[in-house]
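Visitor: Handing over final.cif, mmCIF, C-alpha atoms and all ligand atoms.
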data_run
#
loop_
_atom_site.label_atom_id
_atom_site.label_comp_id
_atom_site.auth_asym_id
_atom_site.auth_seq_id
_atom_site.Cartn_x
_atom_site.Cartn_y
_atom_site.Cartn_z
CA MET A 47 0.00 0.00 0.00
CA PRO A 48 1.57 3.35 -1.00
CA ARG A 49 1.95 6.06 1.60
CA VAL A 50 0.23 9.29 0.60
CA LEU A 51 -0.24 12.73 2.12
CA MET A 52 -4.01 13.14 2.38
CA LEU A 53 -5.23 16.73 2.59
CA HIS A 54 -8.52 17.55 4.38
CA ASP A 55 -10.43 20.82 4.74
CA GLU A 56 -10.51 20.49 8.51
CA SER A 57 -7.81 20.34 11.17
CA PRO A 58 -5.48 18.48 11.00
CA ARG A 59 -5.30 19.29 7.27
CA CYS A 60 -2.46 16.85 6.50
CA ARG A 61 -2.43 13.15 7.40
CA VAL A 62 0.05 10.60 6.04
CA VAL A 63 -1.84 7.35 5.41
CA ASP A 64 -1.34 3.97 3.71
CA LEU A 65 -3.77 3.83 0.81
CA PRO A 66 -4.67 0.59 -1.03
CA LEU A 67 -3.56 0.78 -4.69
CA ALA A 68 -7.20 0.19 -5.68
CA ASP A 69 -8.14 3.51 -4.02
CA LEU A 70 -5.90 5.56 -6.32
CA PRO A 71 -7.66 7.26 -9.28
CA HIS A 72 -8.23 4.96 -12.27
CA ARG A 73 -5.88 6.32 -14.96
CA ALA A 74 -3.81 4.65 -17.68
CA ILE A 75 -0.30 4.96 -16.23
CA SER A 76 0.79 3.85 -12.74
CA VAL A 77 3.99 5.53 -11.56
CA ASP A 78 6.21 4.70 -8.58
CA ILE A 79 7.32 8.13 -7.40
CA ASP A 80 10.98 8.82 -6.54
CA TYR A 81 10.70 12.50 -5.64
CA SER A 82 8.29 15.36 -5.55
CA ASP A 83 9.06 18.90 -4.36
CA LEU A 84 7.50 21.97 -2.76
CA ASN A 85 6.46 24.88 -4.96
CA TYR A 86 4.71 28.12 -4.01
CA LYS A 87 1.43 26.75 -5.37
CA ASP A 88 1.86 23.58 -3.27
CA ALA A 89 2.40 25.73 -0.19
CA LEU A 90 -0.85 27.62 -0.93
CA ALA A 91 -2.69 24.29 -1.44
CA VAL A 92 -1.32 22.52 1.65
CA THR A 93 -1.94 25.42 4.03
CA GLY A 94 -5.31 26.34 2.47
CA LYS A 95 -4.10 29.95 2.13
CA GLY A 96 -4.90 29.95 -1.60
CA LYS A 97 -8.02 28.49 -3.23
CA ILE A 98 -6.04 25.83 -5.08
CA VAL A 99 -7.86 22.66 -3.97
CA ARG A 100 -11.66 22.42 -3.97
CA ASP A 101 -12.44 18.70 -3.54
CA TYR A 102 -11.34 16.92 -0.39
CA PRO A 103 -9.85 14.53 0.65
CA PHE A 104 -7.06 15.24 -1.81
CA VAL A 105 -3.46 14.27 -2.54
CA PRO A 106 -1.51 17.48 -3.35
CA GLY A 107 1.83 17.89 -5.16
CA ILE A 108 2.00 19.62 -8.57
CA ASP A 109 4.99 17.66 -9.87
CA PHE A 110 6.96 14.45 -9.51
CA VAL A 111 9.51 12.15 -11.12
CA GLY A 112 9.29 8.38 -11.07
CA THR A 113 9.21 5.06 -12.93
CA VAL A 114 6.25 3.58 -14.78
CA ARG A 115 5.11 0.40 -12.93
CA GLU A 116 2.17 -0.45 -15.18
CA SER A 117 0.99 1.10 -18.45
CA HIS A 118 -2.27 0.73 -20.34
CA HIS A 119 -1.16 3.13 -23.08
CA GLU A 120 1.18 2.58 -26.02
CA GLN A 121 3.17 5.76 -25.34
CA TYR A 122 4.80 4.40 -22.15
CA ALA A 123 6.04 1.02 -20.96
CA SER A 124 6.88 -0.43 -17.58
CA GLY A 125 10.32 0.82 -16.48
CA ASP A 126 10.16 4.17 -18.32
CA ARG A 127 11.35 7.14 -16.25
CA VAL A 128 8.89 10.02 -16.44
CA ILE A 129 8.38 13.57 -15.19
CA LEU A 130 5.03 15.17 -14.49
CA THR A 131 4.47 18.91 -14.04
CA GLY A 132 1.30 20.98 -14.32
CA TRP A 133 -1.96 20.11 -16.15
CA GLY A 134 -3.92 20.77 -12.95
CA VAL A 135 -2.28 17.84 -11.14
CA GLY A 136 -2.03 18.72 -7.44
CA GLU A 137 -4.90 21.19 -8.00
CA ARG A 138 -7.82 19.29 -9.59
CA TYR A 139 -6.25 15.84 -9.92
CA TRP A 140 -4.41 13.85 -7.25
CA GLY A 141 -0.71 14.66 -7.32
CA GLY A 142 2.80 13.78 -6.28
CA TYR A 143 2.84 13.67 -2.47
CA ALA A 144 2.66 9.88 -2.55
CA GLU A 145 4.80 6.79 -3.11
CA ALA A 146 2.69 5.95 -6.20
CA MET A 147 0.08 7.66 -8.37
CA ASN A 148 -2.00 6.85 -11.47
CA VAL A 149 -1.97 9.53 -14.16
CA ASP A 150 -2.90 10.26 -17.80
CA PRO A 151 -0.16 9.69 -20.43
CA GLU A 152 -0.67 13.23 -21.82
CA TRP A 153 0.55 14.69 -18.51
CA LEU A 154 3.97 13.02 -18.72
CA VAL A 155 7.26 13.77 -20.43
CA PRO A 156 10.05 11.19 -20.68
CA CYS A 157 12.83 12.04 -18.20
CA PRO A 158 15.91 12.83 -20.35
CA SER A 159 18.61 10.25 -19.58
CA PRO A 160 21.28 12.70 -18.33
CA LEU A 161 18.95 13.58 -15.42
CA ASN A 162 18.70 11.19 -12.50
CA SER A 163 15.52 11.48 -10.46
CA ARG A 164 17.07 13.70 -7.83
CA LYS A 165 18.34 16.21 -10.41
CA ALA A 166 15.01 16.14 -12.26
CA MET A 167 13.13 17.23 -9.13
CA LEU A 168 15.83 19.63 -7.98
CA LEU A 169 14.68 21.36 -11.15
CA GLY A 170 10.98 20.40 -11.01
CA THR A 171 8.36 22.99 -11.95
CA ALA A 172 10.73 25.72 -10.74
CA GLY A 173 13.57 24.82 -13.12
CA LEU A 174 11.18 24.17 -16.00
CA THR A 175 9.53 27.57 -15.46
CA ALA A 176 12.89 29.37 -15.27
CA MET A 177 13.87 27.75 -18.59
CA LEU A 178 10.52 28.70 -20.17
CA CYS A 179 11.14 32.32 -19.10
CA MET A 180 14.62 32.11 -20.64
CA MET A 181 13.11 30.85 -23.91
CA ARG A 182 10.55 33.69 -23.90
CA LEU A 183 13.35 36.26 -23.47
CA GLU A 184 15.49 34.66 -26.18
CA GLU A 185 12.57 34.54 -28.63
CA ALA A 186 11.97 38.24 -27.91
CA GLY A 187 15.53 38.98 -29.01
CA LEU A 188 17.47 39.25 -25.75
CA PRO A 189 21.02 40.19 -26.88
CA PRO A 190 23.98 38.05 -25.73
CA GLY A 191 25.57 39.17 -22.45
CA ALA A 192 22.69 41.55 -21.63
CA ALA A 193 21.98 42.76 -18.07
CA VAL A 194 18.98 40.78 -16.79
CA LEU A 195 17.10 41.33 -13.55
CA VAL A 196 15.57 38.46 -11.52
CA THR A 197 13.07 39.18 -8.73
CA GLY A 198 12.27 36.75 -5.90
CA ALA A 199 15.80 35.55 -6.58
CA THR A 200 16.20 33.13 -3.65
CA GLY A 201 12.96 31.29 -4.53
CA GLY A 202 12.78 28.10 -6.61
CA VAL A 203 12.06 29.78 -9.94
CA GLY A 204 14.25 32.77 -9.07
CA SER A 205 17.34 30.81 -8.06
CA TRP A 206 17.13 28.58 -11.16
CA ALA A 207 16.68 31.73 -13.27
CA VAL A 208 19.85 33.24 -11.76
CA SER A 209 21.79 29.98 -12.34
CA ILE A 210 20.61 29.47 -15.92
CA LEU A 211 21.11 33.11 -16.97
CA HIS A 212 24.64 33.10 -15.53
CA HIS A 213 25.40 29.78 -17.22
CA LEU A 214 24.32 31.35 -20.54
CA ASP A 215 26.69 34.31 -19.93
CA TYR A 216 24.12 36.98 -19.15
CA GLU A 217 24.90 39.62 -16.52
CA VAL A 218 22.53 38.72 -13.70
CA HIS A 219 21.16 41.22 -11.16
CA ALA A 220 19.21 39.56 -8.36
CA VAL A 221 16.49 41.16 -6.20
CA THR A 222 15.88 39.58 -2.81
CA GLY A 223 14.26 40.21 0.54
CA LYS A 224 16.85 37.92 2.17
CA PRO A 225 20.08 39.93 2.49
CA GLU A 226 21.62 36.99 4.41
CA GLN A 227 21.55 35.00 1.15
CA ARG A 228 23.67 37.54 -0.77
CA GLU A 229 26.75 35.30 -0.86
CA TRP A 230 24.75 32.31 -2.00
CA LEU A 231 23.16 34.34 -4.82
CA GLU A 232 26.63 35.52 -5.84
CA SER A 233 27.80 31.88 -5.84
CA LEU A 234 24.95 31.11 -8.28
CA GLY A 235 26.26 33.86 -10.54
CA ALA A 236 24.55 37.12 -9.52
CA ARG A 237 26.79 40.07 -10.44
CA GLU A 238 24.77 42.43 -8.24
CA VAL A 239 22.31 41.75 -5.40
CA LEU A 240 19.63 44.39 -4.81
CA ASP A 241 17.32 44.79 -1.85
CA ARG A 242 13.64 44.01 -2.40
CA SER A 243 12.66 47.33 -0.76
CA GLU A 244 14.06 49.20 -3.80
CA PHE A 245 11.18 47.72 -5.83
CA GLU A 246 8.35 48.09 -3.34
CA GLY A 247 7.80 51.88 -3.48
CA GLU A 248 4.99 53.64 -5.39
CA PRO A 249 5.89 52.91 -9.04
CA LEU A 250 6.62 55.88 -11.34
CA PRO A 251 5.54 55.59 -15.00
CA LEU A 252 9.19 55.59 -16.11
CA GLU A 253 12.59 55.73 -14.44
CA LYS A 254 16.17 55.45 -15.67
CA GLY A 255 16.38 52.34 -17.85
CA ARG A 256 18.85 49.80 -16.40
CA TRP A 257 17.92 46.31 -17.54
CA VAL A 258 17.59 44.81 -21.01
CA GLY A 259 15.68 41.77 -19.74
CA ALA A 260 13.94 40.62 -16.56
CA ILE A 261 12.34 37.54 -15.04
CA ASP A 262 9.74 38.56 -12.48
CA THR A 263 8.36 36.00 -10.01
CA VAL A 264 6.78 38.59 -7.70
CA GLY A 265 4.12 40.63 -9.58
CA GLY A 266 2.38 43.60 -7.94
CA ARG A 267 4.34 46.79 -7.31
CA THR A 268 7.60 44.95 -7.94
CA LEU A 269 6.63 44.15 -11.52
CA ALA A 270 5.41 47.73 -12.06
CA ASN A 271 8.78 49.05 -10.83
CA VAL A 272 10.64 46.56 -13.03
CA LEU A 273 8.69 47.69 -16.11
CA ALA A 274 9.51 51.35 -15.38
CA ARG A 275 13.26 50.56 -15.18
CA MET A 276 13.69 48.61 -18.42
CA THR A 277 15.87 49.99 -21.22
CA TYR A 278 14.51 50.79 -24.69
CA HIS A 279 12.94 47.60 -26.13
CA GLY A 280 13.49 45.74 -22.84
CA ARG A 281 11.64 42.46 -22.25
CA VAL A 282 10.10 41.16 -19.02
CA ALA A 283 8.99 37.55 -18.54
CA ALA A 284 6.22 37.74 -15.93
CA VAL A 285 5.64 34.45 -14.19
CA GLY A 286 4.63 34.86 -10.56
CA LEU A 287 2.52 36.51 -7.92
CA ALA A 288 4.45 36.03 -4.66
CA GLY A 289 4.07 39.79 -4.03
CA GLY A 290 0.53 40.23 -5.37
CA THR A 291 -1.75 39.77 -8.35
CA ASP A 292 -2.35 43.43 -9.17
CA LEU A 293 -0.23 45.41 -11.63
CA PRO A 294 -0.24 49.15 -10.79
CA THR A 295 1.53 50.35 -13.92
CA THR A 296 0.84 52.72 -16.86
CA VAL A 297 1.17 52.29 -20.62
CA MET A 298 4.34 54.45 -20.61
CA PRO A 299 6.94 51.63 -20.58
CA PHE A 300 5.12 50.03 -23.52
CA ILE A 301 4.45 53.07 -25.72
CA LEU A 302 7.53 55.20 -24.99
CA ARG A 303 10.17 52.47 -24.58
CA GLY A 304 8.62 49.58 -26.52
CA VAL A 305 8.99 47.31 -23.49
CA SER A 306 7.49 43.81 -23.94
CA LEU A 307 5.65 42.03 -21.18
CA LEU A 308 5.94 38.30 -21.84
CA GLY A 309 3.45 36.19 -19.91
CA THR A 310 4.93 32.80 -19.05
CA ASP A 311 2.96 29.70 -18.06
CA SER A 312 4.25 26.25 -17.21
CA VAL A 313 0.95 24.46 -16.50
CA MET A 314 -0.68 24.15 -19.92
CA ILE A 315 2.28 24.48 -22.30
CA PRO A 316 2.17 21.91 -25.11
CA PHE A 317 4.19 18.69 -24.98
CA GLU A 318 6.80 19.63 -27.61
CA ARG A 319 7.76 22.84 -25.84
CA ARG A 320 7.96 21.03 -22.50
CA ARG A 321 10.20 18.40 -24.03
CA ALA A 322 12.42 21.05 -25.61
CA ALA A 323 12.76 22.83 -22.26
CA TRP A 324 13.58 19.57 -20.43
CA GLN A 325 16.21 18.72 -23.07
CA ARG A 326 17.92 22.04 -22.42
CA LEU A 327 17.67 21.54 -18.65
CA SER A 328 19.21 18.08 -18.94
CA ALA A 329 22.31 19.62 -20.54
CA LEU A 330 23.03 21.93 -17.59
CA PRO A 331 26.38 21.15 -15.96
CA ASN A 332 26.59 19.37 -12.58
CA GLY A 333 28.03 22.45 -10.88
CA LEU A 334 24.67 24.22 -11.10
CA PHE A 335 22.97 21.37 -9.24
CA GLU A 336 25.75 21.24 -6.64
CA ARG A 337 25.37 24.95 -5.87
CA MET A 338 21.56 24.80 -5.53
CA ALA A 339 20.40 24.97 -1.90
CA VAL A 340 18.34 21.86 -1.15
CA ASP A 341 16.34 20.76 1.85
CA GLU A 342 15.22 17.12 1.55
CA ILE A 343 12.18 16.18 3.63
CA GLY A 344 9.59 13.40 3.96
CA LEU A 345 5.80 13.54 3.63
CA GLU A 346 5.41 14.29 7.35
CA GLN A 347 7.36 17.57 7.13
CA ILE A 348 5.48 19.08 4.17
CA GLU A 349 2.88 21.02 6.16
CA GLN A 350 5.48 22.80 8.30
CA ARG A 351 7.73 23.57 5.34
CA ALA A 352 4.74 24.96 3.40
CA GLU A 353 4.09 27.40 6.28
CA ASP A 354 7.78 28.30 6.25
CA MET A 355 7.69 28.96 2.50
CA LEU A 356 4.75 31.35 2.72
CA ALA A 357 6.45 33.09 5.67
CA GLY A 358 9.50 33.73 3.44
CA LYS A 359 11.78 31.40 5.44
CA VAL A 360 12.75 29.06 2.59
CA HIS A 361 15.44 29.57 -0.03
CA GLY A 362 16.38 27.32 -2.94
CA ARG A 363 14.54 24.03 -3.35
CA VAL A 364 12.60 21.69 -1.06
CA LEU A 365 12.86 18.10 -2.30
CA ILE A 366 10.29 15.55 -1.07
CA ASN A 367 11.25 11.90 -0.73
CA PRO A 368 8.00 9.98 -0.14
CA LYS A 369 9.71 6.74 1.00
P1 LIG B 401 9.22 30.35 -3.84
O1 LIG B 401 8.45 30.50 -2.58
O2 LIG B 401 10.29 29.32 -3.90
O3 LIG B 401 9.85 31.75 -4.24
C1 LIG B 401 9.15 32.94 -4.15
C2 LIG B 401 10.16 34.04 -3.82
O4 LIG B 401 9.50 35.30 -3.99
C3 LIG B 401 10.60 34.03 -2.35
O5 LIG B 401 11.66 33.16 -2.10
C4 LIG B 401 10.99 35.48 -2.15
O6 LIG B 401 12.29 35.66 -2.69
C5 LIG B 401 10.00 36.21 -3.03
N1 LIG B 401 8.84 36.70 -2.27
C6 LIG B 401 8.04 35.99 -1.46
N2 LIG B 401 7.08 36.77 -0.93
C7 LIG B 401 7.28 37.99 -1.43
C8 LIG B 401 6.62 39.23 -1.26
N3 LIG B 401 5.56 39.36 -0.47
N4 LIG B 401 7.09 40.29 -1.93
C9 LIG B 401 8.16 40.18 -2.74
N5 LIG B 401 8.83 39.01 -2.92
C10 LIG B 401 8.39 37.93 -2.28
O7 LIG B 401 8.15 30.12 -5.00
P2 LIG B 401 8.33 29.48 -6.48
O8 LIG B 401 9.70 29.76 -6.96
O9 LIG B 401 7.77 28.12 -6.48
O10 LIG B 401 7.31 30.39 -7.31
C11 LIG B 401 7.56 31.77 -7.49
C12 LIG B 401 6.34 32.43 -8.11
O11 LIG B 401 6.18 31.97 -9.45
C13 LIG B 401 5.04 32.10 -7.38
O12 LIG B 401 4.19 33.22 -7.40
C14 LIG B 401 4.45 30.98 -8.20
O13 LIG B 401 3.06 30.89 -8.07
C15 LIG B 401 4.89 31.40 -9.60
N6 LIG B 401 5.00 30.28 -10.52
C16 LIG B 401 4.31 30.37 -11.69
C17 LIG B 401 4.40 29.38 -12.62
C18 LIG B 401 3.67 29.52 -13.91
O14 LIG B 401 3.49 28.52 -14.61
N7 LIG B 401 3.24 30.72 -14.28
C19 LIG B 401 5.19 28.16 -12.37
C20 LIG B 401 5.95 28.20 -11.13
C21 LIG B 401 5.82 29.24 -10.25
P3 LIG B 401 13.34 36.72 -2.05
O15 LIG B 401 13.26 36.54 -0.56
O16 LIG B 401 14.64 36.32 -2.64
O17 LIG B 401 12.86 38.08 -2.46
#
Let me see whether you can do it: turn the structure in this file into structure tokens.
Ligand code: NDP

Guide:
Amino acid sequence: MPRVLMLHDESPRCRVVDLPLADLPHRAISVDIDYSDLNYKDALAVTGKGKIVRDYPFVPGIDFVGTVRESHHEQYASGDRVILTGWGVGERYWGGYAEAMNVDPEWLVPCPSPLNSRKAMLLGTAGLTAMLCMMRLEEAGLPPGAAVLVTGATGGVGSWAVSILHHLDYEVHAVTGKPEQREWLESLGAREVLDRSEFEGEPLPLEKGRWVGAIDTVGGRTLANVLARMTYHGRVAAVGLAGGTDLPTTVMPFILRGVSLLGTDSVMIPFERRRAAWQRLSALPNGLFERMAVDEIGLEQIEQRAEDMLAGKVHGRVLINPK
């Protein structure tokens, strides 16, 4: 019987239970899960602080990596290593906080062979999303070596964005609310570390243009301030809402500087683009994985770590080993 984290809409919200295989959802592919991880959306789901989950009891976890145990679909065979991110898994469909889960074949991508399971989930949705932002910036013509700003830089998406941009020889400027992580951000490749407070004031329509590109995981006033500080024809990949869902900006950055706001989604992107992003991620050198901050926990610790994440006490990645 696989162990699963069962989420309820009453206290205690999280209970780790042994669930008979027959009680898992009936879907074509059965996967034995090696690792899941903790993302901002998971933290909102687990704590109930965001309206992510509506039907209880529920198994959360928006992503996982594992091995196919049984397949009733031609696309996958027993023994295949697979990654799942997005598609509403961990929101509408039971997810990765379990030793095993049954899923639809369309939700999976083959795990590229250079990635072992641990590396695949060190990346997880966070690494995939950072790479998708990178691709958006490249497709919008980001010039080689350009100065690129990353907000929420110590978070999962933010720290992978810093690492990947540096690896690709961009000049990375990192914005953080955790000054104690300055050295770590520099070790990932940040040329300059800026304090979050510099981006939290009332946004002006335009300010001196400093950055040619940006990856924003924060939203709200931070994104408005980022837009106002982009150079002529700057591009901003907007991906997150850790600082709010509003956007108190004006049209000035767009009509006077030709700034592009590039929305970036990881949940519903088509298979081929996912696979292309995972191929690029699988070619990242080992050093990037070694420098990533990682906290490995079991199913029992998820609830506490989710609270910590929303309280801003987590940096880097939280890896979940369900065994
Ligand atoms: P993390 O919690 O790992 O990182 C979020 C980071 O944002 C924090 O570490 C912190 O970084 C910063 N932050 C947190 N609260 C605030 C605040 N109130 N004001 C300003 N900055 C804040 O989350 P993830 O990396 O998993 O996700 C980041 C964001 O991206 C989330 O909003 C998430 O929902 C979104 N996301 C969107 C995806 C998509 O498909 N569109 C996919 C994945 C994530 P620091 O202390 O360094 O400032």

Visitor: Which residue out of A:Leu240, A:Cys179, A:Met298, A:Val285 has the minimum interatomic distance to ligand LIG 401 (chain B) when only C-alpha atoms and all ligand atoms are used?

Guide: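 Among A:Leu240, A:Cys179, A:Met298, A:Val285, it is A:Val285 that comes nearest to ligand LIG 401 (chain B).
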
Visitor: Produce as a VMD selection string the set of residues near ligand LIG 401 (chain B), where near means within 7 Å with all atoms listed in the file considered.

Guide: chain A and resid 85 to 87 171 to 172 175 197 to 204 221 to 224 242 263 to 264 285 to 289 310 to 313 355 to 356 358 360 to 363

Visitor: Quote the spacing between atom CA of A:Ala220 and atom CA of A:Gly290 in Å to one decimal place.

Guide: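 Atom-to-atom, atom CA of A:Ala220 to atom CA of A:Gly290, that is 18.9 Å.
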
Visitor: Just give me the gap between atom CA of A:Asn367 and atom CA of A:Gln121 in Å, one decimal is fine.

Guide: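 That distance, rounded to one decimal, is 26.6 Å.
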
Visitor: Please return the centre and edge lengths, in Å to one decimal, of a box with edges along x, y and z that contains all listed atoms of stretch 50-67 of chain A, widened by 6 Å on every side, as lines of an AutoDock Vina configuration file.

Guide:
center_x = -5.1
center_y = 10.7
center_z = 3.2
size_x = 22.7
size_y = 32.2
size_z = 27.9

Visitor: Might you pull out every residue within 10 Å of A:Gly94, with all atoms listed in the file counted and same-chain residues fewer than 6 positions away left off, and present them as a list in words?

Guide: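 With the cut-off at 10 Å, the set is Leu53, His54, Asp55, Glu56, Arg59, Asp88 and Arg100 of chain A.
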
Visitor: Report the distance between atom CA of A:Ile75 and atom CA of A:Asn148 in Å, rounded to one decimal place.

Guide: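 Separation of atom CA of A:Ile75 and atom CA of A:Asn148: 5.4 Å.
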
Visitor: Name the residues in contact with A:Gly107 at a cut-off of 10 Å, using only C-alpha atoms, excluding same-chain residues fewer than 4 positions from it; report them as a VMD selection string.

Guide: chain A and resid 51 82 to 85 87 to 89 91 to 92 131 to 132 135 to 137 139 to 144 366

Visitor: Of the candidates A:Gly191, A:Gly266, A:Pro160, A:Gly134, which shows the shortest atom-to-atom distance to A:Asn332, using only C-alpha atoms?

Guide: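 Of all the options, A:Pro160 lies closest to A:Asn332.
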
Visitor: Using all atoms listed in the file, which of the listed residues (A:Ser205, A:Ser306, A:Ser117, A:Asn162) sits closest to A:Gln227?

Guide: A:Ser205

Visitor: Starting from the incomplete input, reconstruct N, CA and C atoms of stretch 297-309 of chain A and report them as a short mmCIF file (atom, residue, chain, number, x, y, z; two decimals), in the coordinates of the input.

Guide:
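Writing the result to result.cif gives the following:
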data_model
loop_
_atom_site.label_atom_id
_atom_site.label_comp_id
_atom_site.auth_asym_id
_atom_site.auth_seq_id
_atom_site.Cartn_x
_atom_site.Cartn_y
_atom_site.Cartn_z
N VAL A 297 0.75 52.76 -19.28
CA VAL A 297 1.17 52.29 -20.62
C VAL A 297 2.54 52.85 -21.01
N MET A 298 3.10 53.76 -20.20
CA MET A 298 4.34 54.45 -20.61
C MET A 298 5.50 53.52 -20.98
N PRO A 299 5.81 52.48 -20.17
CA PRO A 299 6.94 51.63 -20.58
C PRO A 299 6.71 50.98 -21.94
N PHE A 300 5.44 50.72 -22.26
CA PHE A 300 5.12 50.03 -23.52
C PHE A 300 5.17 50.99 -24.71
N ILE A 301 4.58 52.19 -24.54
CA ILE A 301 4.45 53.07 -25.72
C ILE A 301 5.63 54.01 -25.90
N LEU A 302 6.38 54.29 -24.82
CA LEU A 302 7.53 55.20 -24.99
C LEU A 302 8.85 54.45 -25.09
N ARG A 303 8.90 53.24 -24.50
CA ARG A 303 10.17 52.47 -24.58
C ARG A 303 10.02 51.17 -25.34
N GLY A 304 8.81 50.85 -25.77
CA GLY A 304 8.62 49.58 -26.52
C GLY A 304 8.93 48.36 -25.69
N VAL A 305 8.73 48.47 -24.38
CA VAL A 305 8.99 47.31 -23.49
C VAL A 305 7.96 46.22 -23.77
N SER A 306 8.40 44.96 -23.74
CA SER A 306 7.49 43.81 -23.94
C SER A 306 7.27 43.10 -22.62
N LEU A 307 6.00 42.81 -22.36
CA LEU A 307 5.65 42.03 -21.18
C LEU A 307 5.27 40.63 -21.67
N LEU A 308 6.08 39.66 -21.29
CA LEU A 308 5.94 38.30 -21.84
C LEU A 308 5.37 37.37 -20.78
N GLY A 309 4.07 37.12 -20.85
CA GLY A 309 3.45 36.19 -19.91
C GLY A 309 4.03 34.81 -20.08
#
